[in-house]
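The next block holds one structure in the form of structure tokens; read it before the comments.
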Amino acid sequence: MSTTEPTDDVPSRLAATLKAIRRAERSAGRAEGEVTLVAVSKTFPAEDIEPALQAGQRVFGENRVQEAKAKWPALRERYTDVELHLIGPLQSNKADEAVALFDVIHTVDRPKIAQALAREMREQGRTPRLFVQVNTGEEPQKAGVPPREVDAVLAACRDDYGLTIEGLMCIPPVDEAPAPHFALLDKLARRNGLKGLSMGMSSDFAEAIALGATHVRVGSAIFGARPKP
Ligand SMILES: *Cc1c(COP(=O)(O)O)cnc(C)c1O
């Protein structure tokens with residue numbers, strides 16, 4: 001797959017990733033450009049992100065509010081059309097900063113967060129697009145709504161907090177084949193009339209696209225290996 005192509009700089013890895021995404025769209029019989037690449041720049045400093053911006057990439061993902069707050073405002077002064085996605089866990093006491101900074105939040109995972117986001121969105125007059133994270137593997141250490149609670153959480157977002165949810169997001173267990181998790185996420189989204197599917201990372205985005213992903217979150221295939229946490 002694209003990750004093994006012999007390229008070693010950010011612009012060529014980005015180009016190879018986009019090419020692989022377009023190829024996966026074609027072989028799935030999907031419209032070209034239908035899938036959005038969220039370039040995951042977490043842990044990488046601004047000087048590593050800048051080449052991707054110069055190459056035309058505008059959609060980026062970060063997993064920590066504080067880190068994004070430190071890196072992105074300055075970059076955004078020069079690249080004003082950047083779209084920033086929060087793909088990491090959100091605490092309700094950071095809802096104000098998240099609403100101020102992010103255009104899309106992929107990690108709504110409990111009613112308390114939905115409530116905090118709704119309040120901040122009203123106060124700030126901002127409407128970031130929202131995805132609900134689903135713990136498809138029901139892993140105890142992982143964030144996300146268990147599959148059996150998805151319908152109820154979506155109903156609460158809509159009826160109790162007046163939020164529009166664009167889609168669902170998942171991170172499959174590392175030691176399992178991802179396809180069944182992608183298929184489950186697709187089933188849950190369809191059942192609830194949601195169009196967005198945030199699924200697929202460096203190692204499995206082509207599979208995710210075959211199973212309906214609208215947003216793939218790709219980090220290391222573009223920016224290189226991250227230091228271990
Ligand atoms: C880090 C991260 C990614 C990107 O992972 P890669 O394997 O580097 O592509 C995608 N989604 C989430 C939620 C992440 O935290």
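Just so we're on the same page: first chain in the structure tokens is A, next is B, and so on; residues restart at 1 for each chain, and ligands are numbered from 1 in the order they show up.
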Fill in: Within-10 Å residues of ligand 1, basis only C-alpha atoms and all ligand atoms, as a ChimeraX atom specification
/A:3,38-43,61-64,86-89,106-107,133,169-172,198-205,216-226
Using the selection just defined, write its residues with C-alpha atoms as a CSV table (one decimal), in the first residue's frame.
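Full text of out.csv as output:
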chain,number,residue,atom,x,y,z
A,3,THR,CA,2.9,3.5,3.1
A,38,VAL,CA,-7.6,14.3,7.6
A,39,ALA,CA,-3.8,14.6,7.9
A,40,VAL,CA,-3.1,13.7,11.5
A,41,SER,CA,-0.3,16.1,12.6
A,42,LYS,CA,-0.3,15.2,16.3
A,43,THR,CA,3.2,15.3,17.9
A,61,GLY,CA,-6.3,16.3,12.8
A,62,GLU,CA,-5.0,16.8,16.3
A,63,ASN,CA,-5.7,14.6,19.3
A,64,ARG,CA,-5.0,17.1,22.1
A,86,LEU,CA,-10.3,17.1,17.0
A,87,ILE,CA,-9.7,13.3,16.9
A,88,GLY,CA,-8.7,12.7,20.5
A,89,PRO,CA,-10.7,12.5,23.7
A,106,HIS,CA,-14.9,13.4,16.0
A,107,THR,CA,-15.0,12.4,19.7
A,133,GLN,CA,-17.1,8.1,18.6
A,169,MET,CA,-16.1,7.6,14.2
A,170,CYS,CA,-14.2,4.5,15.4
A,171,ILE,CA,-10.7,3.2,16.2
A,172,PRO,CA,-10.7,-0.6,15.8
A,198,SER,CA,-14.7,8.7,10.2
A,199,MET,CA,-12.7,5.5,9.9
A,200,GLY,CA,-9.4,4.3,8.5
A,201,MET,CA,-5.8,5.2,9.5
A,202,SER,CA,-2.4,4.7,7.8
A,203,SER,CA,-2.6,1.0,7.8
A,204,ASP,CA,-6.2,0.4,6.8
A,205,PHE,CA,-7.6,3.5,5.0
A,216,VAL,CA,-9.9,8.9,6.8
A,217,ARG,CA,-7.4,10.0,9.5
A,218,VAL,CA,-3.9,9.4,8.3
A,219,GLY,CA,-0.8,10.4,10.3
A,220,SER,CA,2.3,8.3,10.1
A,221,ALA,CA,2.0,7.5,6.4
A,222,ILE,CA,2.3,11.3,5.8
A,223,PHE,CA,4.5,12.6,8.6
A,224,GLY,CA,6.5,9.5,9.4
A,225,ALA,CA,6.7,7.5,12.6
A,226,ARG,CA,5.8,9.2,15.9
| request: Might you pull out every residue within 9 Å of A:Thr36, with only C-alpha atoms counted and same-chain residues fewer than 4 positions away left off, and present them as JSON, numbers by chain? | output: {"A": [21, 59, 213, 214, 215, 216, 217]}
Determine, counting only C-alpha atoms, which protein, DNA and RNA residues have an atom within 10 Å of an atom of A:Glu25; residues of the same chain fewer than 3 positions away are not included. Present the result as a short mmCIF file (atom, residue, chain, number, x, y, z; two decimals) with C-alpha atoms, in the first residue's frame.
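Saved as around.cif:
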data_model
loop_
_atom_site.label_atom_id
_atom_site.label_comp_id
_atom_site.auth_asym_id
_atom_site.auth_seq_id
_atom_site.Cartn_x
_atom_site.Cartn_y
_atom_site.Cartn_z
CA LYS A 19 -3.24 8.87 -4.83
CA ALA A 20 -3.98 5.74 -2.81
CA ILE A 21 -7.21 7.34 -1.54
CA ARG A 22 -8.31 8.16 -5.10
CA ALA A 28 -15.01 0.91 -4.53
CA GLY A 29 -17.00 2.54 -7.34
CA ARG A 30 -17.19 5.77 -5.40
CA ALA A 31 -16.98 9.30 -6.77
CA GLU A 32 -13.51 10.77 -7.00
CA GLY A 33 -12.82 13.19 -4.16
CA GLU A 34 -15.68 11.86 -2.06
CA VAL A 35 -13.33 10.91 0.78
CA ALA A 206 -8.15 1.66 1.72
CA ILE A 209 -12.91 3.49 1.96
CA ALA A 210 -14.16 0.21 0.48
CA GLY A 212 -17.85 3.58 3.11
CA ALA A 213 -15.47 5.92 4.98
#
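Taking atom CA of A:Asp96 and atom CA of A:Gln115 as the two end points, the separation is 11.7 Å.
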Please give the complete set of residues from stretch 7-219 of chain A that DSSP, run on the backbone, assigns to alpha helix (DSSP H), formatted as a tab-separated table (two decimals) with C-alpha atoms, in the first residue's frame.
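The result, stored in states_34.tsv:
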chain	number	residue	atom	x	y	z
A	10	VAL	CA	6.13	14.97	3.60
A	11	PRO	CA	4.97	16.32	0.22
A	12	SER	CA	5.68	13.06	-1.61
A	13	ARG	CA	4.14	10.94	1.14
A	14	LEU	CA	1.11	13.21	1.09
A	15	ALA	CA	0.84	12.87	-2.68
A	16	ALA	CA	1.18	9.08	-2.44
A	17	THR	CA	-1.53	8.97	0.24
A	18	LEU	CA	-3.91	11.08	-1.84
A	19	LYS	CA	-3.24	8.87	-4.83
A	20	ALA	CA	-3.98	5.74	-2.81
A	21	ILE	CA	-7.21	7.34	-1.54
A	22	ARG	CA	-8.31	8.16	-5.10
A	23	ARG	CA	-7.41	4.61	-6.17
A	24	ALA	CA	-9.48	3.14	-3.31
A	25	GLU	CA	-12.42	5.40	-4.23
A	26	ARG	CA	-12.26	4.16	-7.80
A	27	SER	CA	-12.08	0.50	-6.94
A	46	ALA	CA	4.84	23.39	12.91
A	47	GLU	CA	7.95	23.05	10.72
A	48	ASP	CA	6.91	19.49	9.81
A	49	ILE	CA	3.33	20.56	9.11
A	50	GLU	CA	4.24	23.53	6.93
A	51	PRO	CA	5.38	21.42	3.91
A	52	ALA	CA	1.98	19.73	3.87
A	53	LEU	CA	0.30	23.14	3.93
A	54	GLN	CA	2.55	24.34	1.13
A	65	VAL	CA	-6.66	20.46	22.63
A	66	GLN	CA	-3.62	22.02	24.34
A	67	GLU	CA	-1.17	20.90	21.66
A	68	ALA	CA	-3.43	22.17	18.88
A	69	LYS	CA	-3.85	25.46	20.69
A	70	ALA	CA	-0.07	25.88	20.86
A	71	LYS	CA	0.57	25.03	17.17
A	72	TRP	CA	-2.34	26.07	15.02
A	73	PRO	CA	-3.27	29.71	15.65
A	74	ALA	CA	0.05	30.90	14.17
A	75	LEU	CA	-0.19	28.56	11.17
A	76	ARG	CA	-3.75	29.64	10.60
A	77	GLU	CA	-2.74	33.27	10.32
A	78	ARG	CA	-0.92	32.30	7.14
A	95	ALA	CA	-15.30	22.13	25.64
A	96	ASP	CA	-14.90	25.91	25.45
A	97	GLU	CA	-11.41	25.67	23.95
A	98	ALA	CA	-12.41	22.85	21.62
A	99	VAL	CA	-15.39	24.80	20.26
A	100	ALA	CA	-13.22	27.88	19.77
A	101	LEU	CA	-10.44	26.04	17.94
A	111	PRO	CA	-24.16	12.99	26.93
A	112	LYS	CA	-22.14	15.15	29.33
A	113	ILE	CA	-19.80	16.15	26.49
A	114	ALA	CA	-22.73	16.75	24.17
A	115	GLN	CA	-24.27	19.02	26.78
A	116	ALA	CA	-21.02	20.95	27.34
A	117	LEU	CA	-20.51	21.37	23.58
A	118	ALA	CA	-24.08	22.53	23.05
A	119	ARG	CA	-23.69	25.18	25.74
A	120	GLU	CA	-20.38	26.43	24.33
A	121	MET	CA	-21.71	26.47	20.78
A	122	ARG	CA	-24.60	28.66	21.92
A	123	GLU	CA	-22.32	30.98	23.86
A	124	GLN	CA	-19.67	31.32	21.17
A	150	VAL	CA	-25.38	4.50	20.01
A	151	ASP	CA	-29.03	5.01	19.09
A	152	ALA	CA	-29.84	6.39	22.56
A	153	VAL	CA	-26.82	8.73	22.63
A	154	LEU	CA	-27.70	10.05	19.18
A	155	ALA	CA	-31.28	10.62	20.30
A	179	ALA	CA	-13.08	-4.57	8.39
A	180	PRO	CA	-15.78	-5.95	10.73
A	181	HIS	CA	-15.46	-2.78	12.83
A	182	PHE	CA	-15.82	-0.57	9.78
A	183	ALA	CA	-18.85	-2.58	8.65
A	184	LEU	CA	-20.43	-2.26	12.09
A	185	LEU	CA	-19.88	1.51	12.12
A	186	ASP	CA	-21.48	1.76	8.69
A	187	LYS	CA	-24.48	-0.27	9.87
A	188	LEU	CA	-24.96	1.92	12.96
A	189	ALA	CA	-24.71	5.09	10.87
A	190	ARG	CA	-27.19	3.91	8.27
A	191	ARG	CA	-29.66	2.81	10.90
A	205	PHE	CA	-7.62	3.47	5.04
A	206	ALA	CA	-8.15	1.66	1.72
A	207	GLU	CA	-10.27	-0.97	3.46
A	208	ALA	CA	-12.19	1.74	5.26
A	209	ILE	CA	-12.91	3.49	1.96
A	210	ALA	CA	-14.16	0.21	0.48
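Taking only C-alpha atoms into account, A:Glu139 lies nearest to A:Val174 out of the set A:Leu84, A:Val174, A:Leu168, A:Val108.
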Atom CA of A:Pro147 sits from atom CA of A:Gly196 at a separation of 16.3 Å
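When atom CA of A:Leu197 is paired with atom CA of A:Lys228, their separation reads 27.5 Å.
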